[in-house]
file target_5.cif (mmCIF, C-alpha atoms and all ligand atoms)
data_protein
#
loop_
_atom_site.group_PDB
_atom_site.id
_atom_site.type_symbol
_atom_site.label_atom_id
_atom_site.label_comp_id
_atom_site.auth_asym_id
_atom_site.auth_seq_id
_atom_site.Cartn_x
_atom_site.Cartn_y
_atom_site.Cartn_z
ATOM 1 C CA MET A 105 5.879 1.094 -14.012
ATOM 2 C CA VAL A 106 4.640 4.481 -15.131
ATOM 3 C CA GLU A 107 6.899 6.187 -17.634
ATOM 4 C CA PRO A 108 7.766 9.713 -16.547
ATOM 5 C CA THR A 109 5.507 11.963 -18.558
ATOM 6 C CA GLU A 110 7.412 14.904 -19.879
ATOM 7 C CA ASN A 111 5.808 18.269 -19.270
ATOM 8 C CA CYS A 112 3.090 16.662 -17.219
ATOM 9 C CA LEU A 113 0.756 19.370 -15.935
ATOM 10 C CA HIS A 114 -0.162 17.287 -12.873
ATOM 11 C CA LEU A 115 -3.790 17.657 -13.848
ATOM 12 C CA GLU A 116 -5.004 15.358 -11.121
ATOM 13 C CA GLY A 117 -3.319 17.529 -8.545
ATOM 14 C CA LEU A 118 -0.627 16.397 -6.152
ATOM 15 C CA LYS A 119 -0.863 13.956 -3.276
ATOM 16 C CA VAL A 120 0.850 13.909 0.036
ATOM 17 C CA ALA A 121 3.889 11.602 -0.056
ATOM 18 C CA ILE A 122 6.542 10.636 2.454
ATOM 19 C CA GLY A 123 9.339 12.962 3.533
ATOM 20 C CA SER A 124 7.277 16.174 3.278
ATOM 21 C CA GLU A 125 6.989 15.659 -0.442
ATOM 22 C CA TYR A 126 4.066 15.957 -2.796
ATOM 23 C CA ARG A 127 3.636 13.528 -5.632
ATOM 24 C CA CYS A 128 1.761 13.556 -8.948
ATOM 25 C CA PRO A 129 -0.200 10.316 -9.338
ATOM 26 C CA VAL A 130 0.085 10.537 -13.144
ATOM 27 C CA CYS A 131 3.802 11.082 -13.811
ATOM 28 C CA GLU A 132 5.053 10.163 -10.311
ATOM 29 C CA GLU A 133 7.165 13.295 -10.074
ATOM 30 C CA SER A 134 7.528 14.429 -6.501
ATOM 31 C CA MET A 135 8.441 17.831 -5.172
ATOM 32 C CA ASP A 136 8.850 19.581 -1.868
ATOM 33 C CA LEU A 137 7.219 22.846 -0.864
ATOM 34 C CA ALA A 138 9.876 24.880 -2.681
ATOM 35 C CA GLY A 139 9.268 22.824 -5.836
ATOM 36 C CA LEU A 140 5.579 23.425 -5.438
ATOM 37 C CA SER A 141 5.959 27.200 -5.385
ATOM 38 C CA ARG A 142 8.333 27.004 -8.361
ATOM 39 C CA TRP A 143 5.599 25.124 -10.191
ATOM 40 C CA VAL A 144 3.135 27.935 -9.412
ATOM 41 C CA ARG A 145 5.649 30.588 -10.470
ATOM 42 C CA ASP A 146 6.238 28.808 -13.799
ATOM 43 C CA ALA A 147 2.568 29.237 -14.618
ATOM 44 C CA GLU A 148 2.643 32.879 -13.509
ATOM 45 C CA ARG A 149 5.640 33.514 -15.754
ATOM 46 C CA SER A 150 3.932 31.958 -18.796
ATOM 47 C CA ARG A 151 0.891 34.112 -18.144
ATOM 48 C CA ASP A 152 2.947 37.285 -17.743
ATOM 49 C CA GLU A 153 4.819 36.559 -20.958
ATOM 50 C CA ALA A 154 1.549 36.109 -22.802
ATOM 51 C CA TYR A 155 0.214 39.378 -21.395
ATOM 52 C CA SER A 156 3.298 41.272 -22.432
ATOM 53 C CA MET A 157 2.726 40.319 -26.048
ATOM 54 C CA VAL A 158 0.397 42.912 -27.467
ATOM 55 C CA GLU A 159 -1.922 41.000 -29.695
ATOM 56 C CA GLY A 160 -5.413 42.249 -29.959
ATOM 57 C CA ASP A 161 -6.939 39.231 -31.621
ATOM 58 C CA GLY A 162 -9.402 36.906 -29.958
ATOM 59 C CA PHE A 163 -7.043 33.968 -30.109
ATOM 60 C CA GLY A 164 -4.469 35.676 -27.916
ATOM 61 C CA GLU A 165 -7.158 36.520 -25.427
ATOM 62 C CA ILE A 166 -8.312 32.911 -25.162
ATOM 63 C CA ALA A 167 -4.753 31.756 -24.665
ATOM 64 C CA ARG A 168 -4.215 34.351 -21.936
ATOM 65 C CA ASP A 169 -7.421 33.333 -20.162
ATOM 66 C CA GLU A 170 -6.282 29.751 -20.220
ATOM 67 C CA LEU A 171 -2.900 30.653 -18.753
ATOM 68 C CA GLN A 172 -4.617 32.675 -16.043
ATOM 69 C CA ARG A 173 -6.831 29.714 -15.189
ATOM 70 C CA GLU A 174 -3.767 27.497 -14.935
ATOM 71 C CA VAL A 175 -2.255 29.970 -12.451
ATOM 72 C CA TYR A 176 -5.414 29.790 -10.344
ATOM 73 C CA ARG A 177 -5.515 26.007 -10.549
ATOM 74 C CA ARG A 178 -1.906 25.620 -9.389
ATOM 75 C CA ARG A 179 -2.371 28.149 -6.599
ATOM 76 C CA ARG A 180 -5.397 26.204 -5.430
ATOM 77 C CA VAL A 181 -3.443 22.908 -5.413
ATOM 78 C CA MET A 182 -0.664 24.562 -3.411
ATOM 79 C CA TYR A 183 -3.077 26.258 -1.023
ATOM 80 C CA GLU A 184 -4.881 23.007 -0.299
ATOM 81 C CA LEU A 185 -1.685 21.073 0.305
ATOM 82 C CA GLU A 186 -0.227 23.780 2.531
ATOM 83 C CA ASN A 187 -3.323 23.722 4.668
ATOM 84 C CA VAL A 188 -3.488 19.992 5.076
ATOM 85 C CA PRO A 189 -2.323 18.861 8.489
ATOM 86 C CA ARG A 190 0.796 16.775 7.886
ATOM 87 C CA VAL A 191 0.141 14.480 10.766
ATOM 88 C CA VAL A 192 -3.027 12.547 10.331
ATOM 89 C CA THR A 193 -4.229 10.876 13.465
ATOM 90 C CA ALA A 194 -6.708 8.568 11.745
ATOM 91 C CA ARG A 195 -5.643 4.936 11.798
ATOM 92 C CA PRO A 196 -5.720 3.103 8.498
ATOM 93 C CA GLU A 197 -8.377 0.481 8.036
ATOM 94 C CA MET A 198 -6.200 -1.743 5.905
ATOM 95 C CA ILE A 199 -2.747 -1.760 4.344
ATOM 96 C CA LEU A 200 -1.999 -3.738 1.204
ATOM 97 C CA VAL A 201 1.675 -4.503 0.605
ATOM 98 C CA VAL A 202 2.678 -5.838 -2.813
ATOM 99 C CA HIS A 203 6.223 -6.924 -3.600
ATOM 100 C CA ASP A 204 7.527 -5.705 -6.933
ATOM 101 C CA ALA A 205 10.356 -7.984 -8.024
ATOM 102 C CA VAL A 206 11.342 -5.784 -10.969
ATOM 103 C CA LYS A 207 11.656 -2.607 -8.930
ATOM 104 C CA ALA A 208 12.864 -4.478 -5.830
ATOM 105 C CA SER A 209 10.404 -2.580 -3.743
ATOM 106 C CA TYR A 210 7.160 -2.867 -1.848
ATOM 107 C CA GLY A 211 4.165 -0.942 -3.104
ATOM 108 C CA CYS A 212 1.825 -0.062 -0.272
ATOM 109 C CA ARG A 213 -1.728 1.121 -0.485
ATOM 110 C CA ILE A 214 -3.319 2.550 2.597
ATOM 111 C CA PHE A 215 -7.062 2.441 3.095
ATOM 112 C CA TYR A 216 -8.927 4.527 5.632
ATOM 113 C CA LYS A 217 -12.403 4.323 7.018
ATOM 114 C CA GLU A 218 -14.823 6.662 5.280
ATOM 115 C CA PRO A 219 -14.703 9.612 5.311
ATOM 116 C CA ARG A 220 -11.065 9.456 4.362
ATOM 117 C CA PRO A 221 -8.895 11.950 6.228
ATOM 118 C CA ALA A 222 -7.769 14.884 4.085
ATOM 119 C CA GLY A 223 -4.078 14.590 3.302
ATOM 120 C CA GLY A 224 -3.790 11.025 4.494
ATOM 121 C CA LEU A 225 -1.010 9.129 2.812
ATOM 122 C CA GLU A 226 -2.664 6.738 0.337
ATOM 123 C CA GLN A 227 0.156 5.168 -1.577
ATOM 124 C CA VAL A 228 3.837 4.701 -1.054
ATOM 125 C CA SER A 229 6.658 2.647 -2.494
ATOM 126 C CA VAL A 230 9.378 1.376 -0.179
ATOM 127 C CA ALA A 231 12.639 -0.079 -1.494
ATOM 128 C CA ALA A 232 13.150 -3.686 -0.376
ATOM 129 C CA VAL A 233 16.299 -2.698 1.482
ATOM 130 C CA GLN A 234 16.596 -3.184 5.221
ATOM 131 C CA GLU A 235 18.270 0.206 5.837
ATOM 132 C CA THR A 236 15.569 2.087 3.956
ATOM 133 C CA ILE A 237 12.852 0.308 5.867
ATOM 134 C CA LEU A 238 14.567 1.022 9.181
ATOM 135 C CA GLU A 239 14.997 4.665 8.256
ATOM 136 C CA LEU A 240 11.281 5.011 7.659
ATOM 137 C CA ARG A 241 10.584 3.488 11.045
ATOM 138 C CA SER A 242 11.730 6.749 12.619
ATOM 139 C CA ASP A 243 9.841 9.012 10.213
ATOM 140 C CA PRO A 244 7.990 11.898 11.898
ATOM 141 C CA ASP A 245 4.727 10.781 10.287
ATOM 142 C CA PRO A 246 3.074 8.042 12.399
ATOM 143 C CA ILE A 247 1.422 6.514 9.325
ATOM 144 C CA VAL A 248 4.805 6.170 7.616
ATOM 145 C CA ARG A 249 6.213 4.510 10.754
ATOM 146 C CA LEU A 250 3.286 2.098 10.772
ATOM 147 C CA ILE A 251 3.760 1.234 7.099
ATOM 148 C CA ALA A 252 7.486 0.720 7.649
ATOM 149 C CA GLU A 253 6.736 -1.624 10.525
ATOM 150 C CA LYS A 254 4.409 -3.715 8.363
ATOM 151 C CA VAL A 255 6.788 -3.727 5.401
ATOM 152 C CA GLU A 256 9.591 -4.833 7.716
ATOM 153 C CA GLU A 257 7.428 -7.671 9.000
ATOM 154 C CA PHE A 258 6.514 -8.825 5.490
ATOM 155 C CA HIS A 259 10.085 -8.380 4.234
ATOM 156 C CA ALA A 260 11.464 -10.506 7.085
ATOM 157 C CA PHE A 261 8.836 -13.176 6.458
ATOM 158 C CA ARG A 262 9.635 -13.302 2.732
ATOM 159 C CA SER A 263 13.396 -13.338 3.291
ATOM 160 C CA LYS A 264 13.069 -16.263 5.687
ATOM 161 C CA LEU A 265 11.058 -18.286 3.189
ATOM 162 C CA ALA A 266 13.458 -17.418 0.374
ATOM 163 C CA GLU A 267 16.416 -18.583 2.484
ATOM 164 C CA GLY A 268 14.684 -21.906 2.939
ATOM 165 C CA GLY A 269 14.218 -22.124 -0.814
ATOM 166 C CA ALA A 270 10.457 -21.735 -0.611
ATOM 167 C CA ALA A 271 8.396 -19.434 -2.808
ATOM 168 C CA ALA A 272 7.516 -16.300 -0.898
ATOM 169 C CA PRO A 273 4.108 -14.680 -1.261
ATOM 170 C CA GLU A 274 4.066 -11.478 -3.286
ATOM 171 C CA ARG A 275 1.332 -9.698 -1.404
ATOM 172 C CA ARG A 276 0.023 -9.311 2.081
ATOM 173 C CA VAL A 277 -2.966 -7.513 3.490
ATOM 174 C CA PHE A 278 -2.811 -6.115 7.001
ATOM 175 C CA TYR A 279 -6.225 -5.581 8.517
ATOM 176 C CA SER A 280 -7.106 -3.107 11.242
ATOM 177 C CA ASN A 281 -6.659 -5.673 14.024
ATOM 178 C CA GLU A 282 -2.965 -5.993 13.004
ATOM 179 C CA LEU A 283 -2.358 -2.270 12.740
HETATM 180 ZN ZN ZN B 1 2.425 14.874 -13.239
#

call {"tool": "encode", "arguments": {"input": "target_5.cif", "output": "structure tokens"}}
result
Amino acid sequence: MVEPTENCLHLEGLKVAIGSEYRCPVCEESMDLAGLSRWVRDAERSRDEAYSMVEGDGFGEIARDELQREVYRRRRVMYELENVPRVVTARPEMILVVHDAVKASYGCRIFYKEPRPAGGLEQVSVAAVQETILELRSDPDPIVRLIAEKVEEFHAFRSKLAEGGAAAPERRVFYSNEL
């Protein structure tokens, strides 16, 4: 499990996650669109504060340039995410579902045929709870519904084995012919 990184700058950008959220692959923080614009405004505020300090030395100038670049970088991340179509029609090529006993959840990785669709959901964690899985089965995103369906299938299979006292497999790969 990734420890939440404090003051993570989300340097690798943010990825599309379920529930109209965007997630940082480094610190795993997720935010909605409002959170995203707050994140941009934070950078703008830091820059404005730096500009309001009248310091003529070269060091202050470098710092201000850096803060300006951070504003541009965050705006670019937001712009790209806003312009990504939320509903991706491409079917995944493969879905890997791995049970995490510690977190009591299923980690799913979604693989697409190349070229990968922009904004396609690539990774998601689903709590190993029947209600949660069922909830995701009516998600507006067809990829999320598909993942939920596969997780439900694997979860039911594992539960059945566990009831019978048998060891359940921890991972399952769903290939395109099963999707
Ligand atoms: Zn981060």

call {"tool": "atom_distance", "arguments": {"input": "target_5.cif", "atom1": "atom CA of A:Val255", "atom2": "atom CA of A:Asn187"}}
result
29.3 Å

call {"tool": "resolve_selection", "arguments": {"input": "target_5.cif", "expression": "the PyMOL selection byres (((chain A and resi 261) around 12) and not hetatm)", "output": "list in words"}}
result
Lys254, Val255, Glu256, Glu257, Phe258, His259, Ala260, Arg262, Ser263, Lys264, Leu265, Ala266, Glu267, Gly268, Ala270, Ala271, Ala272, Pro273, Glu274, Arg275 and Arg276 of chain A

call {"tool": "resolve_selection", "arguments": {"input": "target_5.cif", "expression": "the PyMOL selection byres (((not hetatm)) within 10 of (chain B and resi 1))", "output": "list in words"}}
result
Pro108, Thr109, Glu110, Asn111, Cys112, Leu113, His114, Leu115, Glu116, Gly117, Leu118, Arg127, Cys128, Pro129, Val130, Cys131, Glu132, Glu133 and Ser134 of chain A

call {"tool": "closest_residue", "arguments": {"input": "target_5.cif", "among": "A:Val120, A:Leu171, A:Val233, A:Ala154", "to": "A:Val248", "atoms": "only C-alpha atoms"}}
result
A:Val120

call {"tool": "closest_residue", "arguments": {"input": "target_5.cif", "among": "A:Asp204, A:Asp152, A:Asp243, A:Glu197", "to": "A:Phe278", "atoms": "all atoms listed in the file"}}
result
A:Glu197

call {"tool": "closest_residue", "arguments": {"input": "target_5.cif", "among": "A:Asp169, A:Glu253, A:Glu226, A:Glu239", "to": "A:Ala121", "atoms": "all atoms listed in the file"}}
result
A:Glu226

call {"tool": "axis_aligned_box", "arguments": {"input": "target_5.cif", "around": "stretch 133-147 of chain A", "padding_each_side": "5 Å", "output": "JSON"}}
result
{"center_x": 6.2, "center_y": 21.9, "center_z": -7.7, "size_x": 17.3, "size_y": 27.3, "size_z": 23.8}

call {"tool": "atom_distance", "arguments": {"input": "target_5.cif", "atom1": "atom CA of A:Arg249", "atom2": "atom CA of A:Asn281"}}
result
16.7 Å

call {"tool": "atom_distance", "arguments": {"input": "target_5.cif", "atom1": "atom CA of A:Val175", "atom2": "atom CA of A:Ala147"}}
result
5.3 Å

call {"tool": "closest_residue", "arguments": {"input": "target_5.cif", "among": "A:Ala208, A:Leu283, A:Ala167, A:Ile122", "to": "A:Asp245", "atoms": "only C-alpha atoms"}}
result
A:Ile122

call {"tool": "closest_residue", "arguments": {"input": "target_5.cif", "among": "A:Tyr279, A:Gln234, A:Gly269, A:Pro196", "to": "A:Ile247", "atoms": "all atoms listed in the file"}}
result
A:Pro196

call {"tool": "residues_around", "arguments": {"input": "target_5.cif", "residues": "A:Arg195", "least_positions_apart": "4", "cutoff": "10 Å", "atoms": "all atoms listed in the file", "output": "CSV table (one decimal) with C-alpha atoms, in the frame of the given file"}}
result
chain,number,residue,atom,x,y,z
A,214,ILE,CA,-3.3,2.6,2.6
A,215,PHE,CA,-7.1,2.4,3.1
A,216,TYR,CA,-8.9,4.5,5.6
A,217,LYS,CA,-12.4,4.3,7.0
A,221,PRO,CA,-8.9,12.0,6.2
A,224,GLY,CA,-3.8,11.0,4.5
A,246,PRO,CA,3.1,8.0,12.4
A,247,ILE,CA,1.4,6.5,9.3
A,250,LEU,CA,3.3,2.1,10.8
A,280,SER,CA,-7.1,-3.1,11.2
A,283,LEU,CA,-2.4,-2.3,12.7
